[in-house]
>>> print(open('coords31.cif').read())   # mmCIF, C-alpha atoms
data_data
#
loop_
_atom_site.group_PDB
_atom_site.id
_atom_site.type_symbol
_atom_site.label_atom_id
_atom_site.label_comp_id
_atom_site.auth_asym_id
_atom_site.auth_seq_id
_atom_site.Cartn_x
_atom_site.Cartn_y
_atom_site.Cartn_z
ATOM 1 C CA MET A 64 4.067 -3.948 -15.693
ATOM 2 C CA ILE A 65 2.151 -6.235 -13.368
ATOM 3 C CA GLN A 66 2.233 -6.302 -9.600
ATOM 4 C CA GLN A 67 1.362 -9.572 -7.942
ATOM 5 C CA SER A 68 -0.238 -9.603 -4.518
ATOM 6 C CA LEU A 69 -1.878 -12.224 -2.333
ATOM 7 C CA ASP A 70 -5.417 -11.705 -3.588
ATOM 8 C CA GLN A 71 -5.276 -9.567 -6.709
ATOM 9 C CA ILE A 72 -3.267 -8.556 -9.754
ATOM 10 C CA VAL A 73 -2.971 -4.838 -10.486
ATOM 11 C CA VAL A 74 -2.120 -3.957 -14.086
ATOM 12 C CA SER A 75 -1.046 -0.478 -15.136
ATOM 13 C CA ASP A 76 -2.516 1.042 -18.303
ATOM 14 C CA HIS A 77 0.203 0.499 -20.926
ATOM 15 C CA SER A 78 -1.236 3.171 -23.225
ATOM 16 C CA ARG A 79 -0.395 5.833 -20.625
ATOM 17 C CA SER A 80 3.171 4.638 -20.014
ATOM 18 C CA VAL A 81 6.072 6.371 -21.738
ATOM 19 C CA ALA A 82 9.781 5.906 -22.360
ATOM 20 C CA GLN A 83 12.152 8.851 -21.955
ATOM 21 C CA GLY A 84 15.863 9.463 -22.199
ATOM 22 C CA LYS A 85 18.763 10.233 -24.502
ATOM 23 C CA GLY A 86 19.171 6.561 -25.361
ATOM 24 C CA LEU A 87 15.929 6.619 -27.345
ATOM 25 C CA ASN A 88 17.246 9.243 -29.779
ATOM 26 C CA GLU A 89 20.969 8.629 -30.139
ATOM 27 C CA ALA A 90 23.653 6.149 -29.141
ATOM 28 C CA ASP A 91 27.394 5.616 -29.585
ATOM 29 C CA LEU A 92 28.482 2.430 -31.350
ATOM 30 C CA GLY A 93 29.566 -0.180 -28.813
ATOM 31 C CA ALA A 94 28.573 1.954 -25.833
ATOM 32 C CA GLN A 95 25.746 1.430 -23.397
ATOM 33 C CA ALA A 96 22.588 3.447 -24.041
ATOM 34 C CA GLU A 97 20.068 4.181 -21.305
ATOM 35 C CA PHE A 98 16.437 5.215 -21.155
ATOM 36 C CA ILE A 99 13.721 5.296 -18.511
ATOM 37 C CA VAL A 100 10.286 3.714 -18.735
ATOM 38 C CA ILE A 101 7.639 5.543 -16.696
ATOM 39 C CA THR A 102 4.547 3.458 -16.007
ATOM 40 C CA LYS A 103 1.194 5.049 -15.226
ATOM 41 C CA ASP A 104 -2.041 3.653 -13.890
ATOM 42 C CA SER A 105 -5.485 4.041 -15.449
ATOM 43 C CA GLU A 106 -5.829 7.472 -13.802
ATOM 44 C CA GLY A 107 -2.601 8.727 -15.366
ATOM 45 C CA LYS A 108 -0.628 8.701 -12.108
ATOM 46 C CA GLN A 109 2.952 7.457 -12.059
ATOM 47 C CA PHE A 110 2.852 3.876 -10.876
ATOM 48 C CA TYR A 111 5.945 3.432 -8.733
ATOM 49 C CA SER A 112 4.869 4.080 -5.172
ATOM 50 C CA ASP A 113 3.935 0.531 -4.222
ATOM 51 C CA VAL A 114 6.505 -1.867 -2.824
ATOM 52 C CA GLY A 115 6.358 -5.575 -3.589
ATOM 53 C CA PRO A 116 7.056 -8.044 -6.394
ATOM 54 C CA TYR A 117 6.659 -6.918 -10.008
ATOM 55 C CA GLN A 118 6.815 -8.840 -13.264
ATOM 56 C CA ILE A 119 8.435 -6.919 -16.121
ATOM 57 C CA ASP A 120 7.953 -7.924 -19.760
ATOM 58 C CA ILE A 121 9.831 -6.271 -22.647
ATOM 59 C CA GLU A 122 8.941 -6.898 -26.286
ATOM 60 C CA ILE A 123 10.722 -5.848 -29.471
ATOM 61 C CA ASN A 124 8.524 -5.812 -32.579
ATOM 62 C CA GLY A 125 6.021 -7.955 -30.737
ATOM 63 C CA TRP A 126 8.569 -10.588 -29.663
ATOM 64 C CA PRO A 127 9.744 -10.971 -26.067
ATOM 65 C CA LEU A 128 13.286 -9.838 -25.360
ATOM 66 C CA THR A 129 15.616 -12.709 -24.514
ATOM 67 C CA GLY A 130 15.291 -13.402 -20.821
ATOM 68 C CA SER A 131 11.976 -11.544 -20.530
ATOM 69 C CA SER A 132 10.063 -11.589 -18.271
ATOM 70 C CA TRP A 133 11.817 -10.587 -15.033
ATOM 71 C CA ARG A 134 10.651 -10.552 -11.461
ATOM 72 C CA VAL A 135 11.726 -7.412 -9.589
ATOM 73 C CA ASP A 136 11.200 -6.886 -5.869
ATOM 74 C CA VAL A 137 10.621 -3.175 -5.208
ATOM 75 C CA LYS A 138 11.700 -2.204 -1.706
ATOM 76 C CA PRO A 139 11.238 1.055 0.231
ATOM 77 C CA HIS A 140 14.053 3.545 -0.365
ATOM 78 C CA GLN A 141 16.512 3.637 2.519
ATOM 79 C CA TYR A 142 17.743 7.162 3.211
ATOM 80 C CA LYS A 143 21.259 7.591 4.529
ATOM 81 C CA VAL A 144 22.094 10.255 7.096
ATOM 82 C CA VAL A 145 24.948 12.339 5.686
ATOM 83 C CA THR A 146 25.389 14.592 8.694
ATOM 84 C CA SER A 147 23.403 15.803 11.674
ATOM 85 C CA CYS A 148 23.602 18.412 14.380
ATOM 86 C CA GLY A 149 22.175 19.245 17.753
ATOM 87 C CA SER A 150 20.666 17.129 20.464
ATOM 88 C CA ARG A 151 17.463 17.435 22.430
ATOM 89 C CA GLY A 152 17.579 20.362 24.825
ATOM 90 C CA LYS A 153 16.746 23.994 25.518
ATOM 91 C CA THR A 154 20.124 25.754 25.302
ATOM 92 C CA GLY A 155 21.722 27.203 22.176
ATOM 93 C CA GLY A 156 22.608 24.565 19.617
ATOM 94 C CA LYS A 157 20.187 22.041 21.097
ATOM 95 C CA LEU A 158 16.746 21.463 19.641
ATOM 96 C CA LYS A 159 13.281 21.026 21.075
ATOM 97 C CA GLY A 160 10.333 20.798 18.703
ATOM 98 C CA PRO A 161 11.981 21.742 15.374
ATOM 99 C CA ALA A 162 9.193 22.459 12.890
ATOM 100 C CA SER A 163 10.913 23.842 9.791
ATOM 101 C CA ILE A 164 14.351 24.333 8.292
ATOM 102 C CA ALA A 165 15.587 26.689 5.564
ATOM 103 C CA LYS A 166 18.915 27.631 4.011
ATOM 104 C CA ASN A 167 19.894 31.222 3.312
ATOM 105 C CA GLU A 168 21.427 30.914 -0.157
ATOM 106 C CA LYS A 169 23.184 34.270 0.211
ATOM 107 C CA THR A 170 25.042 33.484 3.455
ATOM 108 C CA GLY A 171 24.894 29.696 3.416
ATOM 109 C CA ASN A 172 23.566 29.693 6.980
ATOM 110 C CA ILE A 173 20.781 27.334 8.013
ATOM 111 C CA THR A 174 17.861 28.474 10.173
ATOM 112 C CA VAL A 175 15.786 26.040 12.225
ATOM 113 C CA ALA A 176 12.353 27.139 13.440
ATOM 114 C CA GLU A 177 11.537 25.626 16.844
ATOM 115 C CA PHE A 178 7.850 25.593 17.665
ATOM 116 C CA ASP A 179 8.197 24.444 21.290
ATOM 117 C CA LYS A 180 10.769 27.086 22.266
ATOM 118 C CA LYS A 181 9.273 29.885 20.128
ATOM 119 C CA ARG A 182 12.635 30.660 18.557
ATOM 120 C CA PHE A 183 14.880 30.397 15.517
ATOM 121 C CA GLN A 184 18.364 28.932 15.749
ATOM 122 C CA VAL A 185 20.994 29.728 13.140
ATOM 123 C CA PHE A 186 23.787 27.332 12.126
ATOM 124 C CA ASP A 187 26.611 27.777 9.625
ATOM 125 C CA THR A 188 27.225 25.512 6.624
ATOM 126 C CA ASP A 189 29.160 23.082 8.835
ATOM 127 C CA LEU A 190 26.172 22.976 11.235
ATOM 128 C CA ASN A 191 27.991 24.868 13.976
ATOM 129 C CA TYR A 192 25.626 26.858 16.206
ATOM 130 C CA LEU A 193 25.786 30.631 15.628
ATOM 131 C CA MET A 194 22.867 32.351 17.366
ATOM 132 C CA THR A 195 19.271 32.275 18.567
ATOM 133 C CA ARG A 196 16.506 34.710 17.619
ATOM 134 C CA LYS A 197 13.192 35.001 19.457
ATOM 135 C CA GLY A 198 10.707 37.455 20.921
ATOM 136 C CA VAL A 199 9.908 40.757 19.227
ATOM 137 C CA ALA A 200 11.225 41.520 15.747
ATOM 138 C CA GLY A 201 11.987 45.155 15.105
ATOM 139 C CA PRO A 202 12.056 48.232 17.334
ATOM 140 C CA GLN A 203 9.532 48.697 20.123
ATOM 141 C CA THR A 204 7.114 50.685 17.978
ATOM 142 C CA GLU A 205 3.770 50.087 16.359
ATOM 143 C CA ASN A 206 5.688 48.375 13.538
ATOM 144 C CA ALA A 207 7.154 45.704 15.794
ATOM 145 C CA VAL A 208 5.698 42.210 15.695
ATOM 146 C CA LYS A 209 5.841 39.586 18.414
ATOM 147 C CA ILE A 210 7.088 36.350 16.957
ATOM 148 C CA GLY A 211 4.893 33.561 18.258
ATOM 149 C CA PRO A 212 5.632 29.854 17.899
ATOM 150 C CA PRO A 213 7.168 29.482 14.414
ATOM 151 C CA TRP A 214 5.652 26.909 12.071
ATOM 152 C CA SER A 215 7.590 27.525 8.885
ATOM 153 C CA VAL A 216 10.456 29.653 7.578
ATOM 154 C CA ALA A 217 11.817 30.392 4.101
ATOM 155 C CA PHE A 218 14.379 32.810 2.656
ATOM 156 C CA LEU A 219 14.084 35.211 -0.261
ATOM 157 C CA ARG A 220 17.019 36.001 -2.551
ATOM 158 C CA SER A 221 17.543 39.190 -0.563
ATOM 159 C CA SER A 222 18.175 37.100 2.609
ATOM 160 C CA ASP A 223 14.941 38.368 4.157
ATOM 161 C CA MET A 224 12.858 35.702 5.897
ATOM 162 C CA ILE A 225 9.197 34.901 5.480
ATOM 163 C CA VAL A 226 7.930 33.373 8.712
ATOM 164 C CA ILE A 227 4.648 31.706 9.606
ATOM 165 C CA HIS A 228 4.144 32.060 13.346
ATOM 166 C CA GLY A 229 1.494 32.157 16.041
ATOM 167 C CA ASP A 230 -0.946 29.825 17.724
ATOM 168 C CA LEU A 231 -2.989 27.282 15.788
ATOM 169 C CA PHE A 232 -5.942 28.848 13.904
ATOM 170 C CA SER A 233 -4.491 32.350 14.363
ATOM 171 C CA ARG A 234 -1.188 32.020 12.528
ATOM 172 C CA LYS A 235 0.315 35.010 10.728
ATOM 173 C CA MET A 236 2.841 35.403 7.940
ATOM 174 C CA SER A 237 5.525 38.073 8.393
ATOM 175 C CA LEU A 238 8.517 39.336 6.443
ATOM 176 C CA ILE A 239 11.628 39.833 8.586
ATOM 177 C CA THR A 240 15.189 40.812 7.693
ATOM 178 C CA ASN A 241 17.992 38.319 8.174
ATOM 179 C CA ASP A 242 19.110 40.201 11.307
ATOM 180 C CA GLY A 243 15.631 40.062 12.834
ATOM 181 C CA GLN A 244 14.079 43.413 11.882
ATOM 182 C CA PHE A 245 10.361 43.317 11.100
ATOM 183 C CA ILE A 246 9.377 44.568 7.630
ATOM 184 C CA LYS A 247 5.696 43.766 7.188
ATOM 185 C CA LYS A 248 3.037 41.132 7.682
ATOM 186 C CA PHE A 249 0.750 39.511 5.141
ATOM 187 C CA SER A 250 -2.863 39.207 6.201
ATOM 188 C CA GLY A 251 -5.098 40.360 3.347
ATOM 189 C CA HIS A 252 -5.386 37.068 1.484
ATOM 190 C CA VAL A 253 -3.970 34.635 4.043
ATOM 191 C CA ILE A 254 -6.118 32.685 6.498
ATOM 192 C CA ASP A 255 -4.220 30.611 9.081
ATOM 193 C CA PRO A 256 -1.303 29.538 6.813
ATOM 194 C CA GLY A 257 0.557 26.364 7.753
ATOM 195 C CA SER A 258 3.740 26.150 5.694
ATOM 196 C CA LEU A 259 5.543 27.933 2.884
ATOM 197 C CA PHE A 260 8.201 27.391 0.268
ATOM 198 C CA VAL A 261 10.072 29.969 -1.804
ATOM 199 C CA LYS A 262 11.382 28.972 -5.223
ATOM 200 C CA ASN A 263 14.495 30.976 -6.088
#
>>> encode(input="coords31.cif", output="structure tokens")
Amino acid sequence: MIQQSLDQIVVSDHSRSVAQGKGLNEADLGAQAEFIVITKDSEGKQFYSDVGPYQIDIEINGWPLTGSSWRVDVKPHQYKVVTSCGSRGKTGGKLKGPASIAKNEKTGNITVAEFDKKRFQVFDTDLNYLMTRKGVAGPQTENAVKIGPPWSVAFLRSSDMIVIHGDLFSRKMSLITNDGQFIKKFSGHVIDPGSLFVKN
């Protein structure tokens, strides 16, 4: 695969490129078979992130396929908005400074962490506003934790939340129940965490 540009030609390393897919191993007579060719550069990285014109050559037993080569214009992917919710504002259901979003797989509810308003807003699966959580999590005891500006939120299978919160350079990571009760904080091996992701 060759990409043409105004002042240079960039060629991927063909020895690192591979073909994958069911169509390489089996096919039904008279039916279309498909496979994917993954090109890689000289460093072994997948070579598909650059937009622009490409020239594609396909050979079979050393002979060019009929019609080869082709010119393909690679364009940036255009994402389509499926649905949206909220508008800019401070009241329940409106958003100001959303920093992170996570889905509770157990309840289906969606939680949005808002850094500017120091709160979490909860929406149902249809994106209808349900509630707001902010302030202190847990009873007013030594085990309570003040939830500072939230940076990131993720759910465990149990529906408990892991939250990164606090001011820049002094952020903490805490475990909180789905109804807002503080469980514990993680500090032993965490220094100013920024974001988190939980793989179920």
>>> atom_distance(input="coords31.cif", atom1="CA of Glu177 in chain A", atom2="CA of Ile164 in chain A")
9.1 Å
>>> axis_aligned_box(input="coords31.cif", around="range 118-132 of chain A", padding_each_side="5 Å", output="AutoDock Vina command-line options")
--center_x 10.8 --center_y -9.6 --center_z -22.9 --size_x 19.6 --size_y 17.6 --size_z 29.3
>>> residues_around(input="coords31.cif", residues="Leu219 in chain A", least_positions_apart="4", cutoff="12 Å", atoms="all atoms listed in the file", output="ChimeraX atom specification")
/A:165-170,223-226,238-241,259-263
>>> atom_distance(input="coords31.cif", atom1="CA of Asp189 in chain A", atom2="CA of Pro213 in chain A")
23.6 Å
>>> atom_distance(input="coords31.cif", atom1="CA of Gly155 in chain A", atom2="CA of Arg220 in chain A")
26.7 Å
>>> closest_residue(input="coords31.cif", among="A:Lys153, A:Arg182, A:Arg134, A:Arg79", to="Gln118 in chain A", atoms="all atoms listed in the file")
A:Arg134
>>> resolve_selection(input="coords31.cif", expression="the PyMOL selection byres ((chain A and resi 231) around 10)", output="ChimeraX atom specification")
/A:212,214,228-230,232-235,255-257
>>> resolve_selection(input="coords31.cif", expression="the PyMOL selection byres ((chain A and resi 248) around 8)", output="list of chain:residue names")
A:Lys235, A:Met236, A:Ser237, A:Leu238, A:Ile246, A:Lys247, A:Phe249, A:Ser250
>>> write_last_selection(input="coords31.cif", atoms="C-alpha atoms", output="PDB file, in the coordinates of the input")
ATOM      1  CA  LYS A 235       0.315  35.010  10.728  1.00  0.00           C
ATOM      2  CA  MET A 236       2.841  35.403   7.940  1.00  0.00           C
ATOM      3  CA  SER A 237       5.525  38.073   8.393  1.00  0.00           C
ATOM      4  CA  LEU A 238       8.517  39.336   6.443  1.00  0.00           C
ATOM      5  CA  ILE A 246       9.377  44.568   7.630  1.00  0.00           C
ATOM      6  CA  LYS A 247       5.696  43.766   7.188  1.00  0.00           C
ATOM      7  CA  PHE A 249       0.750  39.511   5.141  1.00  0.00           C
ATOM      8  CA  SER A 250      -2.863  39.207   6.201  1.00  0.00           C
TER       9      SER A 250
END
>>> residues_around(input="coords31.cif", residues="Thr195 in chain A", least_positions_apart="3", cutoff="12 Å", atoms="only C-alpha atoms", output="list in words")
Lys153, Thr154, Gly155, Gly156, Lys157, Leu158, Ile173, Thr174, Val175, Ala176, Glu177, Lys180, Lys181, Arg182, Phe183, Gln184, Val185, Phe186, Tyr192, Gly198, Asp242 and Gly243 of chain A
>>> write_last_selection(input="coords31.cif", atoms="C-alpha atoms", output="mmCIF file, in the coordinates of the input")
data_model
loop_
_atom_site.group_PDB
_atom_site.id
_atom_site.type_symbol
_atom_site.label_atom_id
_atom_site.label_comp_id
_atom_site.auth_asym_id
_atom_site.auth_seq_id
_atom_site.Cartn_x
_atom_site.Cartn_y
_atom_site.Cartn_z
ATOM 1 C CA LYS A 153 16.746 23.994 25.518
ATOM 2 C CA THR A 154 20.124 25.754 25.302
ATOM 3 C CA GLY A 155 21.722 27.203 22.176
ATOM 4 C CA GLY A 156 22.608 24.565 19.617
ATOM 5 C CA LYS A 157 20.187 22.041 21.097
ATOM 6 C CA LEU A 158 16.746 21.463 19.641
ATOM 7 C CA ILE A 173 20.781 27.334 8.013
ATOM 8 C CA THR A 174 17.861 28.474 10.173
ATOM 9 C CA VAL A 175 15.786 26.040 12.225
ATOM 10 C CA ALA A 176 12.353 27.139 13.440
ATOM 11 C CA GLU A 177 11.537 25.626 16.844
ATOM 12 C CA LYS A 180 10.769 27.086 22.266
ATOM 13 C CA LYS A 181 9.273 29.885 20.128
ATOM 14 C CA ARG A 182 12.635 30.660 18.557
ATOM 15 C CA PHE A 183 14.880 30.397 15.517
ATOM 16 C CA GLN A 184 18.364 28.932 15.749
ATOM 17 C CA VAL A 185 20.994 29.728 13.140
ATOM 18 C CA PHE A 186 23.787 27.332 12.126
ATOM 19 C CA TYR A 192 25.626 26.858 16.206
ATOM 20 C CA GLY A 198 10.707 37.455 20.921
ATOM 21 C CA ASP A 242 19.110 40.201 11.307
ATOM 22 C CA GLY A 243 15.631 40.062 12.834
#
>>> closest_residue(input="coords31.cif", among="A:Ala90, A:Val137, A:Ile119, A:Val216", to="Ala162 in chain A", atoms="only C-alpha atoms")
A:Val216
>>> resolve_selection(input="coords31.cif", expression="the PyMOL selection byres ((chain A and resi 81-83) around 9)", output="PyMOL selection string")
chain A and resi 77-80+84-87+98-103
>>> residues_near_point(input="coords31.cif", point="(11.6, -8.9, -16.9)", cutoff="8 Å", atoms="only C-alpha atoms", output="number ranges by chain")
A: 118-121, 130-135
>>> write_last_selection(input="coords31.cif", atoms="C-alpha atoms", output="compact mmCIF listing (two decimals), keeping the file's coordinate frame")
# COMPACT_ATOMS: atom_id res chain seq x y z
CA GLN A 118 6.82 -8.84 -13.26
CA ILE A 119 8.44 -6.92 -16.12
CA ASP A 120 7.95 -7.92 -19.76
CA ILE A 121 9.83 -6.27 -22.65
CA GLY A 130 15.29 -13.40 -20.82
CA SER A 131 11.98 -11.54 -20.53
CA SER A 132 10.06 -11.59 -18.27
CA TRP A 133 11.82 -10.59 -15.03
CA ARG A 134 10.65 -10.55 -11.46
CA VAL A 135 11.73 -7.41 -9.59
